[in-house]
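Source file: input_14.pdb; contents: PDB, C-alpha atoms and all ligand atoms.
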```pdb
ATOM      1  CA  MET O   1       6.245  15.430  15.851
ATOM      2  CA  GLY O   2       3.682  12.931  17.142
ATOM      3  CA  PHE O   3       2.523   9.933  15.172
ATOM      4  CA  PHE O   4      -0.745  11.515  14.133
ATOM      5  CA  GLN O   5       0.881  14.817  13.149
ATOM      6  CA  LYS O   6       3.291  12.842  10.965
ATOM      7  CA  LEU O   7       0.417  11.146   9.199
ATOM      8  CA  LYS O   8      -1.256  14.496   8.629
ATOM      9  CA  ALA O   9       1.990  15.857   7.205
ATOM     10  CA  GLY O  10       2.340  12.752   5.014
ATOM     11  CA  ILE O  11      -1.025  13.362   3.379
ATOM     12  CA  GLU O  12      -0.734  17.137   3.302
ATOM     13  CA  LYS O  13      -1.163  17.289  -0.482
ATOM     14  CA  THR O  14      -4.470  15.481  -0.225
ATOM     15  CA  ARG O  15      -5.517  17.665   2.675
ATOM     16  CA  GLN O  16      -4.631  20.788   0.679
ATOM     17  CA  GLY O  17      -6.065  19.493  -2.576
ATOM     18  CA  PHE O  18      -8.966  17.124  -2.197
ATOM     19  CA  MET O  19     -10.118  18.136   1.294
ATOM     20  CA  ALA O  20      -9.657  21.880   0.850
ATOM     21  CA  GLN O  21     -11.907  21.749  -2.209
ATOM     22  CA  ILE O  22     -14.541  19.800  -0.338
ATOM     23  CA  ASP O  23     -14.409  22.371   2.461
ATOM     24  CA  ALA O  24     -14.683  25.239  -0.001
ATOM     25  CA  LEU O  25     -17.756  23.587  -1.482
ATOM     26  CA  LEU O  26     -19.457  22.839   1.829
ATOM     27  CA  SER O  27     -18.725  25.818   4.018
ATOM     28  CA  GLY O  28     -21.714  28.072   4.492
ATOM     29  CA  ARG O  29     -23.557  26.147   1.825
ATOM     30  CA  LYS O  30     -27.206  25.130   1.835
ATOM     31  CA  ILE O  31     -27.803  21.502   0.935
ATOM     32  CA  ASP O  32     -29.345  21.184  -2.517
ATOM     33  CA  GLU O  33     -29.163  19.003  -5.597
ATOM     34  CA  GLU O  34     -26.480  21.140  -7.205
ATOM     35  CA  MET O  35     -24.256  20.758  -4.160
ATOM     36  CA  TYR O  36     -24.612  16.978  -4.205
ATOM     37  CA  GLU O  37     -23.623  16.911  -7.871
ATOM     38  CA  GLU O  38     -20.593  19.118  -7.318
ATOM     39  CA  LEU O  39     -19.552  16.949  -4.389
ATOM     40  CA  GLU O  40     -19.834  13.788  -6.471
ATOM     41  CA  ASP O  41     -17.687  15.390  -9.190
ATOM     42  CA  LEU O  42     -15.054  16.346  -6.624
ATOM     43  CA  LEU O  43     -14.923  12.811  -5.265
ATOM     44  CA  ILE O  44     -14.525  11.309  -8.718
ATOM     45  CA  MET O  45     -11.895  13.896  -9.720
ATOM     46  CA  HIS O  46      -9.821  12.929  -6.704
ATOM     47  CA  ASP O  47      -9.753   9.211  -7.522
ATOM     48  CA  VAL O  48     -12.517   8.012  -5.218
ATOM     49  CA  GLY O  49     -13.857   6.270  -8.328
ATOM     50  CA  VAL O  50     -17.358   6.201  -9.757
ATOM     51  CA  THR O  51     -18.576   3.165  -7.830
ATOM     52  CA  ALA O  52     -17.410   4.370  -4.441
ATOM     53  CA  ALA O  53     -18.553   7.952  -5.096
ATOM     54  CA  THR O  54     -22.023   6.737  -6.068
ATOM     55  CA  ASN O  55     -22.244   4.674  -2.879
ATOM     56  CA  LEU O  56     -21.030   7.529  -0.701
ATOM     57  CA  LEU O  57     -23.562   9.943  -2.202
ATOM     58  CA  ARG O  58     -26.362   7.441  -1.750
ATOM     59  CA  ASP O  59     -25.562   6.996   1.935
ATOM     60  CA  LEU O  60     -25.069  10.711   2.379
ATOM     61  CA  ARG O  61     -28.460  11.630   0.929
ATOM     62  CA  ARG O  62     -30.167   9.036   3.087
ATOM     63  CA  LEU O  63     -28.498  10.143   6.312
ATOM     64  CA  VAL O  64     -29.014  13.836   5.589
ATOM     65  CA  LYS O  65     -32.739  13.094   5.362
ATOM     66  CA  ASP O  66     -32.853  10.763   8.385
ATOM     67  CA  ARG O  67     -30.967  13.127  10.629
ATOM     68  CA  LYS O  68     -32.477  16.305   9.201
ATOM     69  CA  ILE O  69     -29.104  17.864   8.396
ATOM     70  CA  LEU O  70     -29.486  21.329   6.926
ATOM     71  CA  ASP O  71     -26.084  22.802   6.231
ATOM     72  CA  GLY O  72     -22.691  22.025   4.749
ATOM     73  CA  GLU O  73     -20.948  21.772   8.106
ATOM     74  CA  GLY O  74     -23.343  19.050   9.250
ATOM     75  CA  LEU O  75     -22.889  17.293   5.956
ATOM     76  CA  ARG O  76     -19.110  17.392   6.337
ATOM     77  CA  LEU O  77     -19.407  15.517   9.612
ATOM     78  CA  LEU O  78     -21.639  12.937   7.966
ATOM     79  CA  LEU O  79     -19.218  12.519   5.095
ATOM     80  CA  LYS O  80     -16.422  11.822   7.551
ATOM     81  CA  GLU O  81     -18.577   9.276   9.371
ATOM     82  CA  ILE O  82     -19.525   7.488   6.148
ATOM     83  CA  ILE O  83     -15.978   7.418   4.778
ATOM     84  CA  SER O  84     -14.669   6.262   8.119
ATOM     85  CA  ASN O  85     -17.226   3.430   8.264
ATOM     86  CA  SER O  86     -16.658   2.423   4.658
ATOM     87  CA  LEU O  87     -12.910   2.067   5.279
ATOM     88  CA  GLY O  88     -13.594  -0.649   7.845
ATOM     89  CA  GLU O  89     -11.305  -2.210  10.408
ATOM     90  CA  LYS O  90      -7.552  -2.131  10.612
ATOM     91  CA  LYS O  91      -5.984  -5.273   9.110
ATOM     92  CA  PRO O  92      -2.479  -5.759  10.464
ATOM     93  CA  LEU O  93       0.316  -7.734   8.826
ATOM     94  CA  ARG O  94       0.423 -11.384   9.860
ATOM     95  CA  LEU O  95       3.529 -12.385  11.751
ATOM     96  CA  GLU O  96       3.957 -15.358  14.024
ATOM     97  CA  PRO O  97       6.949 -14.910  16.298
ATOM     98  CA  GLY O  98       9.162 -17.923  16.794
ATOM     99  CA  THR O  99       8.578 -19.259  13.277
ATOM    100  CA  LEU O 100       9.803 -18.403   9.801
ATOM    101  CA  ASN O 101       7.526 -15.755   8.263
ATOM    102  CA  ILE O 102       7.825 -14.931   4.577
ATOM    103  CA  PHE O 103       6.504 -11.787   2.900
ATOM    104  CA  LEU O 104       6.532 -11.853  -0.893
ATOM    105  CA  VAL O 105       6.483  -8.347  -2.334
ATOM    106  CA  VAL O 106       5.122  -7.866  -5.865
ATOM    107  CA  GLY O 107       4.070  -5.035  -8.165
ATOM    108  CA  VAL O 108       4.924  -3.314 -11.448
ATOM    109  CA  ASN O 109       8.188  -1.442 -11.852
ATOM    110  CA  GLY O 110       8.838   1.736  -9.938
ATOM    111  CA  VAL O 111       5.958   1.479  -7.467
ATOM    112  CA  GLY O 112       8.232   1.202  -4.416
ATOM    113  CA  LYS O 113       8.716  -2.519  -3.737
ATOM    114  CA  THR O 114      12.396  -2.353  -2.829
ATOM    115  CA  THR O 115      11.940   0.792  -0.751
ATOM    116  CA  THR O 116       9.058  -0.814   1.147
ATOM    117  CA  ILE O 117      11.196  -3.879   1.847
ATOM    118  CA  GLY O 118      13.948  -1.640   3.201
ATOM    119  CA  LYS O 119      11.478   0.140   5.457
ATOM    120  CA  LEU O 120       9.931  -3.127   6.686
ATOM    121  CA  ALA O 121      13.366  -4.646   7.318
ATOM    122  CA  GLN O 122      14.293  -1.679   9.466
ATOM    123  CA  ARG O 123      11.030  -1.742  11.397
ATOM    124  CA  TYR O 124      11.151  -5.420  12.302
ATOM    125  CA  LYS O 125      14.868  -5.365  13.014
ATOM    126  CA  GLU O 126      14.188  -2.555  15.502
ATOM    127  CA  GLN O 127      11.493  -4.720  17.062
ATOM    128  CA  GLY O 128      14.142  -7.339  17.722
ATOM    129  CA  LEU O 129      13.345  -9.812  14.945
ATOM    130  CA  LYS O 130      15.966 -11.566  12.861
ATOM    131  CA  VAL O 131      15.340 -10.297   9.346
ATOM    132  CA  MET O 132      16.610 -11.398   5.928
ATOM    133  CA  VAL O 133      15.952  -9.914   2.500
ATOM    134  CA  ALA O 134      16.148 -11.851  -0.781
ATOM    135  CA  ALA O 135      17.018 -10.101  -4.041
ATOM    136  CA  GLY O 136      14.476 -11.787  -6.297
ATOM    137  CA  ASP O 137      14.744  -9.033  -8.894
ATOM    138  CA  THR O 138      17.621 -10.309 -10.994
ATOM    139  CA  PHE O 139      16.343  -8.761 -14.204
ATOM    140  CA  ARG O 140      17.053  -5.089 -13.718
ATOM    141  CA  ALA O 141      20.771  -4.299 -13.504
ATOM    142  CA  ALA O 142      21.571  -2.756 -10.093
ATOM    143  CA  ALA O 143      18.368  -4.016  -8.494
ATOM    144  CA  SER O 144      20.355  -6.248  -6.135
ATOM    145  CA  SER O 145      22.774  -3.517  -5.180
ATOM    146  CA  GLN O 146      19.843  -1.222  -4.404
ATOM    147  CA  LEU O 147      18.490  -3.857  -2.048
ATOM    148  CA  GLU O 148      21.960  -4.388  -0.613
ATOM    149  CA  ILE O 149      22.121  -0.717   0.371
ATOM    150  CA  TRP O 150      18.808  -0.999   2.205
ATOM    151  CA  ALA O 151      19.927  -4.219   3.884
ATOM    152  CA  GLU O 152      23.122  -2.595   5.118
ATOM    153  CA  ARG O 153      21.273   0.451   6.354
ATOM    154  CA  ALA O 154      18.854  -1.723   8.304
ATOM    155  CA  GLY O 155      21.530  -4.182   9.394
ATOM    156  CA  VAL O 156      19.784  -7.314   8.114
ATOM    157  CA  TYR O 157      20.864 -10.437   6.194
ATOM    158  CA  LEU O 158      20.839 -10.403   2.398
ATOM    159  CA  VAL O 159      20.713 -13.247  -0.112
ATOM    160  CA  SER O 160      21.454 -12.319  -3.710
ATOM    161  CA  HIS O 161      22.857 -13.891  -6.869
ATOM    162  CA  ALA O 162      24.407 -12.312  -9.945
ATOM    163  CA  ASP O 163      22.289 -10.198 -12.287
ATOM    164  CA  GLY O 164      20.397 -12.402 -14.714
ATOM    165  CA  ALA O 165      20.324 -15.406 -12.362
ATOM    166  CA  ASP O 166      17.132 -17.400 -11.913
ATOM    167  CA  PRO O 167      15.057 -15.613  -9.258
ATOM    168  CA  ALA O 168      13.532 -18.915  -8.197
ATOM    169  CA  ALA O 169      17.060 -20.087  -7.302
ATOM    170  CA  VAL O 170      17.597 -16.953  -5.211
ATOM    171  CA  VAL O 171      14.390 -17.646  -3.345
ATOM    172  CA  PHE O 172      15.299 -21.304  -2.899
ATOM    173  CA  ASP O 173      18.653 -20.332  -1.354
ATOM    174  CA  ALA O 174      17.097 -17.635   0.781
ATOM    175  CA  VAL O 175      14.515 -19.987   2.254
ATOM    176  CA  HIS O 176      17.147 -22.559   3.159
ATOM    177  CA  SER O 177      19.537 -19.968   4.547
ATOM    178  CA  ALA O 178      16.694 -18.394   6.555
ATOM    179  CA  ARG O 179      15.890 -21.765   8.072
ATOM    180  CA  ALA O 180      19.531 -22.444   8.968
ATOM    181  CA  LYS O 181      19.908 -19.009  10.575
ATOM    182  CA  LYS O 182      16.541 -19.193  12.354
ATOM    183  CA  ILE O 183      15.323 -16.043  10.668
ATOM    184  CA  ASP O 184      11.970 -14.651  11.859
ATOM    185  CA  LEU O 185      11.122 -12.676   8.746
ATOM    186  CA  LEU O 186      12.226 -13.192   5.156
ATOM    187  CA  LEU O 187      11.275 -10.372   2.780
ATOM    188  CA  VAL O 188      11.375 -11.364  -0.894
ATOM    189  CA  ASP O 189      11.863  -8.630  -3.492
ATOM    190  CA  THR O 190      10.721  -9.335  -7.050
ATOM    191  CA  ALA O 191      11.103  -7.797 -10.493
ATOM    192  CA  GLY O 192       8.589  -5.212 -11.649
ATOM    193  CA  ARG O 193       9.402  -5.662 -15.289
ATOM    194  CA  LEU O 194      10.565  -8.558 -17.457
ATOM    195  CA  HIS O 195      10.664  -8.995 -21.232
ATOM    196  CA  ASN O 196       6.905  -9.026 -21.176
ATOM    197  CA  LYS O 197       4.021  -9.244 -18.805
ATOM    198  CA  SER O 198       3.337 -12.945 -19.213
ATOM    199  CA  ASN O 199       6.981 -13.677 -18.291
ATOM    200  CA  LEU O 200       6.565 -11.591 -15.180
ATOM    201  CA  MET O 201       3.446 -13.365 -14.126
ATOM    202  CA  GLN O 202       4.959 -16.800 -14.820
ATOM    203  CA  GLU O 203       8.002 -15.919 -12.781
ATOM    204  CA  LEU O 204       5.908 -14.815  -9.822
ATOM    205  CA  GLY O 205       3.914 -18.002 -10.003
ATOM    206  CA  LYS O 206       7.145 -20.001  -9.937
ATOM    207  CA  ILE O 207       8.566 -18.072  -6.966
ATOM    208  CA  ARG O 208       5.391 -18.647  -5.063
ATOM    209  CA  ARG O 209       5.482 -22.388  -5.775
ATOM    210  CA  ILE O 210       9.087 -22.589  -4.563
ATOM    211  CA  ILE O 211       8.139 -20.898  -1.314
ATOM    212  CA  ASP O 212       5.158 -23.178  -0.822
ATOM    213  CA  ARG O 213       7.256 -26.243  -1.516
ATOM    214  CA  GLU O 214      10.360 -25.322   0.480
ATOM    215  CA  ALA O 215       8.660 -23.582   3.381
ATOM    216  CA  GLU O 216       5.129 -24.847   3.650
ATOM    217  CA  HIS O 217       2.821 -22.567   5.684
ATOM    218  CA  SER O 218       5.466 -19.847   6.003
ATOM    219  CA  LEU O 219       4.173 -17.481   3.352
ATOM    220  CA  ARG O 220       2.309 -15.076   5.632
ATOM    221  CA  GLU O 221       1.794 -12.164   3.282
ATOM    222  CA  VAL O 222       1.810 -11.540  -0.445
ATOM    223  CA  LEU O 223       1.997  -7.770  -0.576
ATOM    224  CA  LEU O 224       1.032  -5.985  -3.755
ATOM    225  CA  VAL O 225       2.664  -2.581  -3.921
ATOM    226  CA  VAL O 226       0.773   0.098  -5.830
ATOM    227  CA  ASP O 227       1.643   3.738  -6.389
ATOM    228  CA  ALA O 228      -1.049   6.154  -5.188
ATOM    229  CA  THR O 229      -0.085   8.691  -7.835
ATOM    230  CA  THR O 230      -1.134   6.349 -10.651
ATOM    231  CA  GLY O 231      -4.779   6.670  -9.695
ATOM    232  CA  GLN O 232      -7.251   4.214 -11.103
ATOM    233  CA  ASN O 233      -4.404   2.252 -12.714
ATOM    234  CA  ALA O 234      -3.659   0.905  -9.268
ATOM    235  CA  LEU O 235      -7.005  -0.910  -9.343
ATOM    236  CA  VAL O 236      -6.236  -2.524 -12.687
ATOM    237  CA  GLN O 237      -2.876  -3.765 -11.390
ATOM    238  CA  ALA O 238      -4.484  -5.208  -8.298
ATOM    239  CA  LYS O 239      -6.890  -7.257 -10.418
ATOM    240  CA  GLU O 240      -4.110  -8.561 -12.676
ATOM    241  CA  PHE O 241      -1.735  -9.614  -9.915
ATOM    242  CA  ALA O 242      -4.460 -11.166  -7.811
ATOM    243  CA  GLN O 243      -5.035 -13.662 -10.634
ATOM    244  CA  ILE O 244      -1.461 -14.954 -10.400
ATOM    245  CA  VAL O 245      -0.531 -14.787  -6.729
ATOM    246  CA  PRO O 246      -2.777 -14.879  -3.663
ATOM    247  CA  VAL O 247      -2.407 -11.211  -2.721
ATOM    248  CA  THR O 248      -3.144 -10.763   0.981
ATOM    249  CA  GLY O 249      -2.578  -7.057   1.353
ATOM    250  CA  ILE O 250      -1.963  -3.852  -0.535
ATOM    251  CA  VAL O 251       0.876  -1.468   0.150
ATOM    252  CA  LEU O 252      -0.136   1.969  -1.081
ATOM    253  CA  THR O 253       3.009   4.033  -1.613
ATOM    254  CA  LYS O 254       3.637   7.679  -2.442
ATOM    255  CA  LEU O 255       0.497   8.924  -0.742
ATOM    256  CA  ASP O 256       2.613  11.962   0.099
ATOM    257  CA  GLY O 257       2.968  12.646  -3.610
ATOM    258  CA  THR O 258      -0.662  13.005  -4.567
ATOM    259  CA  ALA O 259      -3.514  15.424  -3.901
ATOM    260  CA  LYS O 260      -5.868  12.620  -4.915
ATOM    261  CA  GLY O 261      -5.889  10.574  -1.739
ATOM    262  CA  GLY O 262      -9.377   9.424  -2.668
ATOM    263  CA  ILE O 263      -7.663   6.382  -4.192
ATOM    264  CA  VAL O 264      -7.630   4.917  -0.677
ATOM    265  CA  ILE O 265     -11.420   4.878  -0.706
ATOM    266  CA  ALA O 266     -11.593   3.442  -4.224
ATOM    267  CA  ILE O 267      -9.244   0.570  -3.404
ATOM    268  CA  ASN O 268     -11.121  -0.178  -0.247
ATOM    269  CA  GLN O 269     -14.463  -0.335  -2.012
ATOM    270  CA  GLU O 270     -13.474  -2.113  -5.193
ATOM    271  CA  GLN O 271     -10.928  -4.609  -3.892
ATOM    272  CA  LYS O 272     -11.521  -7.466  -1.562
ATOM    273  CA  ILE O 273      -7.866  -7.084  -0.606
ATOM    274  CA  PRO O 274      -7.256  -4.714   2.308
ATOM    275  CA  ILE O 275      -4.738  -1.896   2.322
ATOM    276  CA  LYS O 276      -2.306  -2.936   5.046
ATOM    277  CA  ILE O 277       0.492  -0.398   4.766
ATOM    278  CA  ILE O 278       0.915   3.089   3.378
ATOM    279  CA  GLY O 279       4.059   4.863   2.258
ATOM    280  CA  VAL O 280       4.235   8.581   2.950
ATOM    281  CA  GLY O 281       7.769   9.442   1.893
ATOM    282  CA  GLU O 282      11.144   8.136   0.783
ATOM    283  CA  LYS O 283      12.816   7.903   4.185
ATOM    284  CA  ILE O 284      13.210   4.630   6.032
ATOM    285  CA  SER O 285      10.716   5.776   8.671
ATOM    286  CA  ASP O 286       8.032   6.835   6.164
ATOM    287  CA  LEU O 287       6.019   3.641   6.374
ATOM    288  CA  ARG O 288       2.883   3.132   8.431
ATOM    289  CA  ASP O 289       0.388   0.435   9.140
ATOM    290  CA  PHE O 290      -2.813   1.582   7.541
ATOM    291  CA  ASP O 291      -5.309   2.488  10.223
ATOM    292  CA  PRO O 292      -8.577   3.453   8.496
ATOM    293  CA  GLN O 293     -10.019   5.400  11.414
ATOM    294  CA  GLU O 294      -6.836   7.335  11.986
ATOM    295  CA  PHE O 295      -6.638   8.008   8.260
ATOM    296  CA  ALA O 296     -10.159   9.443   8.189
ATOM    297  CA  GLU O 297      -9.327  11.601  11.212
ATOM    298  CA  ALA O 298      -6.172  12.916   9.579
ATOM    299  CA  LEU O 299      -8.063  13.625   6.384
ATOM    300  CA  PHE O 300     -10.850  15.596   8.021
ATOM    301  CA  GLU O 301      -9.124  17.294  10.923
ATOM    302  CA  LYS O 302      -8.929  21.011  10.237
TER
HETATM  303  N1  LIG T   1       7.504  10.100  -2.147
HETATM  304  C1  LIG T   1       7.589   8.772  -2.008
HETATM  305  N2  LIG T   1       8.441   8.093  -2.797
HETATM  306  C2  LIG T   1       8.502   6.763  -2.653
HETATM  307  C3  LIG T   1       7.699   6.059  -1.713
HETATM  308  N3  LIG T   1       7.988   4.739  -1.833
HETATM  309  C4  LIG T   1       8.927   4.642  -2.796
HETATM  310  N4  LIG T   1       9.244   5.847  -3.305
HETATM  311  C5  LIG T   1      10.201   6.178  -4.381
HETATM  312  O1  LIG T   1       9.815   5.522  -5.566
HETATM  313  C6  LIG T   1      10.951   5.220  -6.381
HETATM  314  C7  LIG T   1      10.911   3.757  -6.813
HETATM  315  O2  LIG T   1      11.061   2.946  -5.666
HETATM  316  P1  LIG T   1      11.605   1.456  -5.723
HETATM  317  O3  LIG T   1      11.530   0.953  -4.338
HETATM  318  O4  LIG T   1      12.907   1.401  -6.416
HETATM  319  O5  LIG T   1      10.498   0.787  -6.625
HETATM  320  P2  LIG T   1      10.436  -0.717  -7.148
HETATM  321  O6  LIG T   1       9.013  -1.124  -7.149
HETATM  322  O7  LIG T   1      11.366  -1.567  -6.388
HETATM  323  O8  LIG T   1      10.933  -0.531  -8.653
HETATM  324  P3  LIG T   1      11.552  -1.673  -9.644
HETATM  325  O9  LIG T   1      12.615  -2.386  -8.873
HETATM  326  O10 LIG T   1      12.083  -0.891 -10.801
HETATM  327  O11 LIG T   1      10.439  -2.553 -10.052
HETATM  328  C8  LIG T   1      12.161   5.573  -5.522
HETATM  329  O12 LIG T   1      12.668   6.815  -5.947
HETATM  330  C9  LIG T   1      11.607   5.670  -4.114
HETATM  331  O13 LIG T   1      12.319   6.551  -3.306
HETATM  332  C10 LIG T   1       6.789   6.823  -0.896
HETATM  333  O14 LIG T   1       6.019   6.314  -0.071
HETATM  334  N5  LIG T   1       6.780   8.168  -1.105
HETATM  335 MG    MG T   2      12.931  -2.788  -6.950
END
```

Translate the structure described by the file into structure tokens.
Ligand SMILES: Nc1nc2c(ncn2[C@@H]2O[C@H](COP(=O)(O)OP(=O)(O)OP(=O)(O)O)[C@@H](O)[C@H]2O)c(=O)[nH]1
Ligand SMILES: [Mg+2]
Amino acid sequence: MGFFQKLKAGIEKTRQGFMAQIDALLSGRKIDEEMYEELEDLLIMHDVGVTAATNLLRDLRRLVKDRKILDGEGLRLLLKEIISNSLGEKKPLRLEPGTLNIFLVVGVNGVGKTTTIGKLAQRYKEQGLKVMVAAGDTFRAAASSQLEIWAERAGVYLVSHADGADPAAVVFDAVHSARAKKIDLLLVDTAGRLHNKSNLMQELGKIRRIIDREAEHSLREVLLVVDATTGQNALVQAKEFAQIVPVTGIVLTKLDGTAKGGIVIAINQEQKIPIKIIGVGEKISDLRDFDPQEFAEALFEK
């Protein structure tokens, strides 16, 4: 299967859910007020969010008038154009070869942080980089061994301490070991749950300070992982984490598991932080750089 076909397959639920309903609404339909209202409802139902849906409808009405569009098929093309434009440019991960690059991976429990790290480790190892992962989640029993399995699979270095150890100490060791081994990319896993939320946020703040102190200018990405199936909750999480750590990119996982792929549009409109990667499955190869134009194509292609 080609790259594009794989993406289409990865968002098949959204294509069959969200997009199929839009097509059913638009095909053979005359453009009238009732249609606009039904379309807006469909967008909101599929997690596009009220703000983004309102903006899309506003642009749609204006362009339909300007370009004298008369039927649903013409409107479908416009909708694709508007969504595609609103998603903006591709924003790749920042990596400077020949130096130590650190990605700190954060997010609430179960969203797919450790899996994403495993997938990234594999990808960059295959590209010929020297990769290390650090088991910064020392809270959940078995979190380190889960990361160890991914590290073995990908064939990359692992730094981990015993369960219950101080995660800041793990990160400290990892940074120094990465320097000594001339690692290109250090991926830092973190806990998704601690005794309470303020502990979690404090811990992340501390990890970030250690990285800044021990490896100044090496923290290239702070990736916030959010689960596409949690809908609007993902937006709330993004706001909370962004207050504690300087989030540079969003990883949107489990897009394969939802028919409400509209969340991509909501995040893009309501967050200043770009979606950089998407997860479309549990396998090590089910990770993609988020390419907005390609995504819009895959969404709308019949
Ligand atoms: N379908 C699908 N499942 C995914 C994806 N990414 C992760 N998962 C699954 O989500 C579950 C949780 O993934 P983890 O990587 O353990 O999540 P985590 O954020 O590290 O969780 P904690 O360590 O508990 O905070 C696992 O069963 C993964 O296989 C994805 O893109 N698609
Ligand atoms: Mg984990």

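Pairwise distance (atom CA of O:Ser144, atom CA of O:Ser160) equals 6.6 Å.
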
The PyMOL selection byres (((chain O and resi 77) around 12) and not hetatm) on the file shown: which residues, as an mmCIF file with C-alpha atoms, in the frame of the given file?
```
data_model
loop_
_atom_site.group_PDB
_atom_site.id
_atom_site.type_symbol
_atom_site.label_atom_id
_atom_site.label_comp_id
_atom_site.auth_asym_id
_atom_site.auth_seq_id
_atom_site.Cartn_x
_atom_site.Cartn_y
_atom_site.Cartn_z
ATOM 1 C CA ILE O 22 -14.541 19.800 -0.338
ATOM 2 C CA ASP O 23 -14.409 22.371 2.461
ATOM 3 C CA LEU O 26 -19.457 22.839 1.829
ATOM 4 C CA SER O 27 -18.725 25.818 4.018
ATOM 5 C CA LEU O 60 -25.069 10.711 2.379
ATOM 6 C CA LEU O 63 -28.498 10.143 6.312
ATOM 7 C CA VAL O 64 -29.014 13.836 5.589
ATOM 8 C CA ARG O 67 -30.967 13.127 10.629
ATOM 9 C CA ILE O 69 -29.104 17.864 8.396
ATOM 10 C CA LEU O 70 -29.486 21.329 6.926
ATOM 11 C CA ASP O 71 -26.084 22.802 6.231
ATOM 12 C CA GLY O 72 -22.691 22.025 4.749
ATOM 13 C CA GLU O 73 -20.948 21.772 8.106
ATOM 14 C CA GLY O 74 -23.343 19.050 9.250
ATOM 15 C CA LEU O 75 -22.889 17.293 5.956
ATOM 16 C CA ARG O 76 -19.110 17.392 6.337
ATOM 17 C CA LEU O 78 -21.639 12.937 7.966
ATOM 18 C CA LEU O 79 -19.218 12.519 5.095
ATOM 19 C CA LYS O 80 -16.422 11.822 7.551
ATOM 20 C CA GLU O 81 -18.577 9.276 9.371
ATOM 21 C CA ILE O 82 -19.525 7.488 6.148
ATOM 22 C CA ILE O 83 -15.978 7.418 4.778
ATOM 23 C CA SER O 84 -14.669 6.262 8.119
ATOM 24 C CA ALA O 296 -10.159 9.443 8.189
ATOM 25 C CA GLU O 297 -9.327 11.601 11.212
ATOM 26 C CA LEU O 299 -8.063 13.625 6.384
ATOM 27 C CA PHE O 300 -10.850 15.596 8.021
ATOM 28 C CA GLU O 301 -9.124 17.294 10.923
ATOM 29 C CA LYS O 302 -8.929 21.011 10.237
#
```

The residue from O:Thr116, O:Gln243, O:Ser145, O:Gln232 with the smallest atom-to-atom distance to ligand LIG 1 (chain T), counting all atoms listed in the file, is O:Thr116

Nearest to ligand MG 2 (chain T), restricted to only C-alpha atoms and all ligand atoms and choosing among O:Gly2, O:Gly88, O:Gly107, O:Gly49, comes out as O:Gly107

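For the set O:Pro92, O:Gly262, O:Gly164, O:Gly249, the residue with the smallest atom-to-atom gap to O:Glu40 is O:Gly262, counting all atoms listed in the file.
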
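Closest approach to ligand MG 2 (chain T) among O:Asp189, O:Glu37, O:Asp166, O:Glu152: O:Asp189, based on all atoms listed in the file.
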
Distance query 8 Å from (-11.4, 15.7, -0.1) using all atoms listed in the file, result as a VMD selection string: chain O and resid 14 to 15 17 to 23 42 to 43 46 260 to 262 299

Enumerate as a PyMOL selection string the residues within 8 Å of ligand LIG 1 (chain T), counting only C-alpha atoms and all ligand atoms. chain O and resi 106-117+137+140+143+146+189-193+225+227+252-257+278-283+286-287

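Here atom CA of O:Asp66 stands at a distance of 17.3 Å from atom CA of O:Asn85.
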
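For the pair atom CA of O:Pro167 and atom CA of O:Thr138, the separation is 6.1 Å.
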
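When all atoms listed in the file are used to measure the gap to O:Thr258, the shortest distance among O:Asp47, O:Glu270, O:Asp212, O:Asp41 belongs to O:Asp47.
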